[in-house]
Amino acid sequence: MFAIIGIVVVFGCVVAGYLMEHGNLKVLVQPAELVIIGGAAVGTVFIANPLHIIKKIAAGIGGVFGGSKFTKQAYLDALKMMYELLNKARKEGLMALEADVEEPSKSAVFSKNANFIKNHHICDFVCDSLRMAITGIDAFDLDQLLDLDMEVHHQDAAAPTTALSTMADSLPGLGIVAAVLGVVITMGALGGPPEEIGHKVAAALVGTFLGILLCYGLIGPIAANMVKLADDEHAFLYVMRVLMIAFLKGSAPIMAVEVARRAVPGHVRPSFKELEAACRGGGAAAAAAHA
């Protein structure tokens, strides 16, 4: 919602200011300039990136308008789920988790959290880590392994945002290309009516205007938002990592969950009472009563 509001504010203020100076909106409507700039920008993305990154760019842009999935409630649900899972491991041993991690969609614990099951990367991150713990890996070695996994994930998440940022950086230059082509057309019209020459010069300048506006007013901010969404997912993985390592080092489930809570980013971090209510008092409804 905020992304849509921001776009409306950017373009609305630009148009409003232009009209305040008695500008003619029809002059800004230059489909040919938009085709040159937009088409060339998309082409540069195709040239510079393989198909899997292009798919991630499209998914990332969709995520910008959908908002972050890692809210306070998402953290509460995940920590409660992990508390139940680790309690089971403490009472019955790590081997009791084998069926849960092998088929999480059929697990009595994991299936309670539909968002966890849908996010395949996070689900695999947790299940694969617990699978390694079941085989008897040391907590320190698992921590190193998770650090490597998160580093690879961070690089994968950065690839589409870097590609989109590069596209944004190219827009002003492509705007100049459109402007130069407009000047070439204008040169061919010399000797004609002054009104026609003036219109063609205005159309050429609109190319530069569109390139700069799309760079700093649309594509650049979208890329920046995608970076923040990737950071949100990285932070969630880090919380899961802290929780599992704390448990494998000997902490009780409730203590491991509390350690993980301290790793949650401040703007979505649940309070101690909210977490305790969720884990021991019946879940989200009890947590809301303490809020």
# chains A, B, ... in the order shown; residues from 1 in each chain; ligands from 1

$ closest_atom_pairs --of "region 96-179 of chain A" --to "region 228-234 of chain A" --cutoff "12 Å" --atoms "only C-alpha atoms" --output "tab-separated table"
residue	atom	partner	partner_atom	distance
A:Asn119	CA	A:Glu233	CA	10.3
A:His121	CA	A:Glu233	CA	9.8
A:Ile122	CA	A:Glu233	CA	8.5
A:Phe125	CA	A:His234	CA	11.4
A:Leu146	CA	A:His234	CA	11.9
A:Asp147	CA	A:His234	CA	11.2
A:Asp149	CA	A:His234	CA	10.8
A:Met150	CA	A:His234	CA	7.3
A:Glu151	CA	A:His234	CA	9.3
A:Val152	CA	A:His234	CA	10.8
A:His153	CA	A:His234	CA	7.9
A:His154	CA	A:His234	CA	7.0
A:Gln155	CA	A:Ala230	CA	10.2
A:Asp156	CA	A:Ala230	CA	9.7
A:Ala157	CA	A:Ala230	CA	6.0
A:Ala158	CA	A:Ala230	CA	7.6
A:Ala159	CA	A:Ala230	CA	10.6
A:Pro160	CA	A:Ala230	CA	10.1
A:Thr161	CA	A:Ala230	CA	8.9
A:Thr162	CA	A:Ala230	CA	11.8

$ residues_around --residues "region 174-189 of chain A" --least-positions-apart "4" --cutoff "8 Å" --atoms "only C-alpha atoms" --output "PyMOL selection string"
chain A and resi 33+36-37+40-41+170+196-197+200-201+203-212

$ select_by_dssp --residues "region 211-240 of chain A" --states "alpha helix (DSSP H)" --output "list in words"
Gly211, Ile212, Leu213, Leu214, Gly220, Pro221, Ile222, Ala223, Ala224, Asn225, Met226, Val227, Lys228, Leu229, Ala230, Asp231, Asp232, Glu233, His234, Ala235, Phe236, Leu237, Tyr238, Val239 and Met240 of chain A

$ closest_residue --among "A:Val259, A:Cys127, A:Asn24, A:Ser107" --to "Phe247 (chain A)" --atoms "only C-alpha atoms"
A:Val259

$ residues_around --residues "Leu275 (chain A)" --least-positions-apart "3" --cutoff "9 Å" --atoms "only C-alpha atoms" --output "ChimeraX atom specification"
/A:76,79-80,257-258,261,270-272,278-280,283,287

$ write_last_selection --atoms "N, CA, C and O atoms" --output "mmCIF file, in the first residue's frame"
data_model
loop_
_atom_site.group_PDB
_atom_site.id
_atom_site.type_symbol
_atom_site.label_atom_id
_atom_site.label_comp_id
_atom_site.auth_asym_id
_atom_site.auth_seq_id
_atom_site.Cartn_x
_atom_site.Cartn_y
_atom_site.Cartn_z
ATOM 1 N N LEU A 76 5.754 -14.400 15.887
ATOM 2 C CA LEU A 76 5.105 -15.088 17.007
ATOM 3 C C LEU A 76 4.698 -16.504 16.615
ATOM 4 O O LEU A 76 4.921 -17.457 17.366
ATOM 5 N N LEU A 79 7.907 -18.691 16.233
ATOM 6 C CA LEU A 79 8.537 -19.018 17.522
ATOM 7 C C LEU A 79 7.681 -19.993 18.312
ATOM 8 O O LEU A 79 8.216 -20.902 18.975
ATOM 9 N N LYS A 80 6.375 -19.843 18.264
ATOM 10 C CA LYS A 80 5.484 -20.792 18.944
ATOM 11 C C LYS A 80 5.622 -22.183 18.321
ATOM 12 O O LYS A 80 5.691 -23.200 19.035
ATOM 13 N N VAL A 257 13.820 -20.089 22.629
ATOM 14 C CA VAL A 257 12.879 -19.203 21.962
ATOM 15 C C VAL A 257 13.091 -17.759 22.410
ATOM 16 O O VAL A 257 13.013 -16.824 21.606
ATOM 17 N N GLU A 258 13.382 -17.560 23.705
ATOM 18 C CA GLU A 258 13.630 -16.209 24.207
ATOM 19 C C GLU A 258 14.913 -15.635 23.614
ATOM 20 O O GLU A 258 14.973 -14.443 23.269
ATOM 21 N N ARG A 261 14.033 -14.522 20.252
ATOM 22 C CA ARG A 261 13.228 -13.294 20.268
ATOM 23 C C ARG A 261 14.114 -12.061 20.310
ATOM 24 O O ARG A 261 13.813 -11.038 19.683
ATOM 25 N N PRO A 270 8.219 -9.180 19.132
ATOM 26 C CA PRO A 270 7.178 -9.318 20.156
ATOM 27 C C PRO A 270 7.776 -9.129 21.548
ATOM 28 O O PRO A 270 8.971 -9.366 21.756
ATOM 29 N N SER A 271 6.954 -8.709 22.487
ATOM 30 C CA SER A 271 7.433 -8.542 23.851
ATOM 31 C C SER A 271 7.569 -9.905 24.519
ATOM 32 O O SER A 271 7.085 -10.923 24.021
ATOM 33 N N PHE A 272 8.215 -9.912 25.686
ATOM 34 C CA PHE A 272 8.383 -11.159 26.437
ATOM 35 C C PHE A 272 7.024 -11.754 26.791
ATOM 36 O O PHE A 272 6.812 -12.961 26.667
ATOM 37 N N ALA A 278 1.924 -16.667 23.741
ATOM 38 C CA ALA A 278 1.786 -17.469 22.531
ATOM 39 C C ALA A 278 2.265 -18.901 22.744
ATOM 40 O O ALA A 278 1.649 -19.847 22.266
ATOM 41 N N CYS A 279 3.369 -19.060 23.475
ATOM 42 C CA CYS A 279 3.956 -20.384 23.664
ATOM 43 C C CYS A 279 3.229 -21.208 24.731
ATOM 44 O O CYS A 279 3.035 -22.405 24.579
ATOM 45 N N ARG A 280 2.796 -20.549 25.797
ATOM 46 C CA ARG A 280 2.235 -21.284 26.933
ATOM 47 C C ARG A 280 0.772 -20.995 27.217
ATOM 48 O O ARG A 280 0.149 -21.692 28.005
ATOM 49 N N GLY A 283 -1.545 -19.343 22.136
ATOM 50 C CA GLY A 283 -1.289 -18.832 20.795
ATOM 51 C C GLY A 283 -1.650 -17.385 20.601
ATOM 52 O O GLY A 283 -1.559 -16.565 21.499
ATOM 53 N N ALA A 287 -1.884 -14.000 23.043
ATOM 54 C CA ALA A 287 -0.888 -12.954 22.851
ATOM 55 C C ALA A 287 -1.554 -11.598 22.633
ATOM 56 O O ALA A 287 -1.093 -10.574 23.139
#

$ atom_distance --atom1 "CA of Phe2 (chain A)" --atom2 "CA of Phe65 (chain A)"
8.0 Å

$ residues_around --residues "Thr44 (chain A)" --least-positions-apart "3" --cutoff "12 Å" --atoms "only C-alpha atoms" --output "list in words"
Ile37, Gly38, Gly39, Ala40, Ala41, Ile47, Ala48, Asn49, Pro50, Ile54, Ala163, Leu164, Ser165, Thr166, Met167, Ala168, Asp169, Ser170, Leu171 and Leu174 of chain A

$ closest_residue --among "A:Gly17, A:Gly62, A:His22, A:Arg131" --to "Asn225 (chain A)" --atoms "only C-alpha atoms"
A:Gly62

$ atom_distance --atom1 "CA of Val35 (chain A)" --atom2 "CA of Ala202 (chain A)"
16.6 Å

$ residues_around --residues "region 3-12 of chain A" --least-positions-apart "5" --cutoff "7 Å" --atoms "only C-alpha atoms" --output "PyMOL selection string"
chain A and resi 64-65+217-218

$ write_last_selection --atoms "N, CA, C and O atoms" --output "mmCIF file, in the first residue's frame"
data_model
loop_
_atom_site.group_PDB
_atom_site.id
_atom_site.type_symbol
_atom_site.label_atom_id
_atom_site.label_comp_id
_atom_site.auth_asym_id
_atom_site.auth_seq_id
_atom_site.Cartn_x
_atom_site.Cartn_y
_atom_site.Cartn_z
ATOM 1 N N VAL A 64 7.039 -6.087 -3.647
ATOM 2 C CA VAL A 64 7.060 -4.690 -3.192
ATOM 3 C C VAL A 64 5.650 -4.181 -2.964
ATOM 4 O O VAL A 64 5.366 -3.480 -1.982
ATOM 5 N N PHE A 65 4.735 -4.545 -3.856
ATOM 6 C CA PHE A 65 3.355 -4.068 -3.734
ATOM 7 C C PHE A 65 2.535 -4.945 -2.795
ATOM 8 O O PHE A 65 1.409 -4.586 -2.441
ATOM 9 N N GLY A 217 12.397 8.268 -9.523
ATOM 10 C CA GLY A 217 11.054 8.324 -8.962
ATOM 11 C C GLY A 217 10.307 7.015 -8.966
ATOM 12 O O GLY A 217 9.267 6.898 -8.313
ATOM 13 N N LEU A 218 10.814 5.988 -9.676
ATOM 14 C CA LEU A 218 10.075 4.726 -9.751
ATOM 15 C C LEU A 218 10.978 3.501 -9.611
ATOM 16 O O LEU A 218 10.904 2.796 -8.613
#
